[in-house]
Amino acid sequence: MIVLQPVLEMCFPDGFALWPVAEFEPYGFLPLSGALGPADLGTAIMRIADCNNTETDDDRPPRPADPLGSFLHGLLTTHDLFAPGGLRVTDTTTGTTLLPGCCNGLEEWRDWLEVLDGDGWASFGHDPSPLAERFGDTVRLTVDAEQDDSPVIELPLSELRRLLATAERDMADFLQLAADWAAQHLPDHAASVTAALAHALNLPASSVC
């Protein structure tokens, strides 16, 4: 069986205490869906906010002085948001797993549609360098295109289309869950945080009811 999941690569800022979070192995992957518990959900939102919490020389408004406003500043004011990770594909029969490479983000997940309806190929970061290619009615997923003997996963084009639709639903369900969480934990920022998360996941704002 082939399993495809949207996943967020994990890393933690030191001493984070603005809301409850769970512990994860650094550089492990957290699957996003509507099934996340409150601590895992808080962890995912923390991770997306933290990796956009950078200083730039653009014309963004000044960073707020309060700790919460300061931490959310990048998420709420950065135009090109980044959500480290991507789509993880696992062949449960062979145990082969394709992971998103370094510098790939969930905001790029629609690149997979190029395999279905565009040029017929897409790559997803480096170290490793995962690659997806269309050959007729079959898609070949290469775990690391830089390795001559890289493991591969093959699946029908129609199956990949179905899996991508499921992954989009998983992210939309996560976003709805995040909106409810933000309303409870970040009431003064809930609407703007939810909109920013939708942007970071390359989802329409209409994904939230």
# chains A, B, ... in the order shown; residues from 1 in each chain; ligands from 1
>>> residues_around(residues="segment 182-198 of chain A", least_positions_apart="2", cutoff="12 Å", atoms="only C-alpha atoms", output="PyMOL selection string")
chain A and resi 18-20+38-39+41-42+44-49+52+68-69+71-83+106-107+168+171-180+200-209
>>> select_by_dssp(residues="segment 21-181 of chain A", states="strand (DSSP E)", output="PyMOL selection string")
chain A and resi 29-31+85-91+96-98+121-123+131-135+138-142+152-156
>>> select_by_dssp(residues="segment 38-193 of chain A", states="helix (DSSP H, G or I)", output="count of residues only")
70
>>> atom_distance(atom1="atom CA of Asp40 of chain A", atom2="atom CA of Leu113 of chain A")
28.5 Å
>>> closest_residue(among="A:Leu164, A:Thr90, A:Pro61, A:His126", to="Gln147 of chain A", atoms="only C-alpha atoms")
A:His126
